[in-house]
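**Student:** Take this structure first; my questions come after.
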Amino acid sequence: MHNRLAVAYVDSPLGELGLAGGEHGLITISLGKRLDHLLPGLLKGRHDAGRGKHHPWEILDQACNEIVEYMLSAREKFEVPLDLSSGTEFQRSVWRRLQKVKYGQPTSYAELAENVGRPGAARAVGNAVGANPLPIIIPCHRVLAAHGRLGGFSGGLPRKRKLLKIEGIDWK
């Protein structure tokens, strides 16, 4: 029987990253914040032992390796399995669409809203982007505000600038 959840903290150029993985995939990445307050919710129902096909520590190992490769500009696409069960169906649709935004190619909230079939819902899409549990891997940092402005980022603007710089994305 697998452990239901594995948590690791790693140092990175973005500061400390907290990662949590389960049998269904990587659950969350925290940028500079401890995961302790999230653990009770992460352990509820969705992540029961024996129901997933992955070992949580193998998920974390793969995620850490892929993030290191990304930071070294040696990886453009992530392959680690993801567990998106914490989101609503709408949030998951936005997160899945975000995964299709190519490395080095920024998008806007309006463009993202159109691509999920909800033109005019840029604000709702922005809320879903802000709720992204897997920054870096689900590249919410590639979403720029109107007219190419930097916009916001749950991990803070200095981290967003670093991620955009890694990918060679210009912003205003």
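Letters A, B, ... go to the chains of the structure tokens in the order shown; residues in each chain start at 1; ligands are counted from 1 in the same order.
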I need the residues in range 8-88 of chain A that are alpha helix (DSSP H) according to DSSP; give them as a list in words.

**Tutor:**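 Reading the DSSP output for range 8-88 of chain A, alpha helix (DSSP H) covers Leu39, Pro40, Gly41, Leu42, Pro56, Trp57, Glu58, Ile59, Leu60, Asp61, Gln62, Ala63, Cys64, Asn65, Glu66, Ile67, Val68, Glu69, Tyr70 and Met71 of chain A.
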
**Student:** Restricting it to C-alpha atoms, dump the selection as a PDB file, in the first residue's frame.

**Tutor:**
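Okay, out.pdb is ready:
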ATOM      1  CA  LEU A  39      -2.529  19.144   4.247  1.00  0.00           C
ATOM      2  CA  PRO A  40      -5.855  18.303   5.940  1.00  0.00           C
ATOM      3  CA  GLY A  41      -7.764  19.238   2.766  1.00  0.00           C
ATOM      4  CA  LEU A  42      -5.318  17.381   0.528  1.00  0.00           C
ATOM      5  CA  PRO A  56       3.605   9.693  -4.320  1.00  0.00           C
ATOM      6  CA  TRP A  57       7.391   9.831  -3.797  1.00  0.00           C
ATOM      7  CA  GLU A  58       8.006   8.900  -7.431  1.00  0.00           C
ATOM      8  CA  ILE A  59       5.663  11.734  -8.454  1.00  0.00           C
ATOM      9  CA  LEU A  60       7.658  14.194  -6.340  1.00  0.00           C
ATOM     10  CA  ASP A  61      10.972  12.896  -7.679  1.00  0.00           C
ATOM     11  CA  GLN A  62       9.790  13.292 -11.280  1.00  0.00           C
ATOM     12  CA  ALA A  63       8.354  16.763 -10.588  1.00  0.00           C
ATOM     13  CA  CYS A  64      11.575  17.966  -8.937  1.00  0.00           C
ATOM     14  CA  ASN A  65      13.708  16.643 -11.799  1.00  0.00           C
ATOM     15  CA  GLU A  66      11.490  18.275 -14.409  1.00  0.00           C
ATOM     16  CA  ILE A  67      11.436  21.614 -12.553  1.00  0.00           C
ATOM     17  CA  VAL A  68      15.257  21.595 -12.325  1.00  0.00           C
ATOM     18  CA  GLU A  69      15.481  20.894 -16.061  1.00  0.00           C
ATOM     19  CA  TYR A  70      13.009  23.727 -16.731  1.00  0.00           C
ATOM     20  CA  MET A  71      15.003  26.170 -14.568  1.00  0.00           C
TER      21      MET A  71
END

**Student:** Mind checking DSSP for range 27-126 of chain A and telling me the strand (DSSP E or B) residues as JSON, numbers by chain?

**Tutor:** {"A": [27, 28, 29, 30, 31, 82, 107, 108]}

**Student:** Residues of range 101-170 of chain A that approach range 83-95 of chain A to 9 Å or less, counting only C-alpha atoms: could you list each one with the shortest pair of atoms and its distance in Å to one decimal, rows by chain and increasing residue number, as a tab-separated table?

**Tutor:**
residue	atom	partner	partner_atom	distance
A:Leu112	CA	A:Val94	CA	7.6
A:Ala113	CA	A:Val94	CA	8.0
A:Asn115	CA	A:Val94	CA	8.8
A:Val116	CA	A:Val94	CA	6.5
A:Val125	CA	A:Val94	CA	6.8
A:Asn127	CA	A:Gln91	CA	8.5
A:Ala128	CA	A:Gln91	CA	5.0
A:Val129	CA	A:Val94	CA	7.1
A:Ala131	CA	A:Gln91	CA	7.8
A:Asn132	CA	A:Trp95	CA	6.9
A:Pro133	CA	A:Leu84	CA	8.0
A:Leu134	CA	A:Leu84	CA	8.8
A:Ile138	CA	A:Trp95	CA	6.5
A:Pro139	CA	A:Trp95	CA	8.6
A:Cys140	CA	A:Trp95	CA	8.3

**Student:** Just checking: using only C-alpha atoms, which residue out of A:His141, A:Leu26, A:Arg4, A:Pro119 ends up closest to Pro158 in chain A?

**Tutor:**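 Checking each of A:His141, A:Leu26, A:Arg4, A:Pro119 against Pro158 in chain A, counting only C-alpha atoms, the winner is A:His141.
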
**Student:** What separation in Å, quoted to one decimal, exists between CA of Gly155 in chain A and CA of Gln99 in chain A?

**Tutor:**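 According to the coordinates, CA of Gly155 in chain A and CA of Gln99 in chain A are separated by 17.9 Å.
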
**Student:** One number please: CA of Lys100 in chain A to CA of Arg34 in chain A, in Å, one decimal.

**Tutor:**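 About the pair CA of Lys100 in chain A and CA of Arg34 in chain A: they are 28.5 Å apart.
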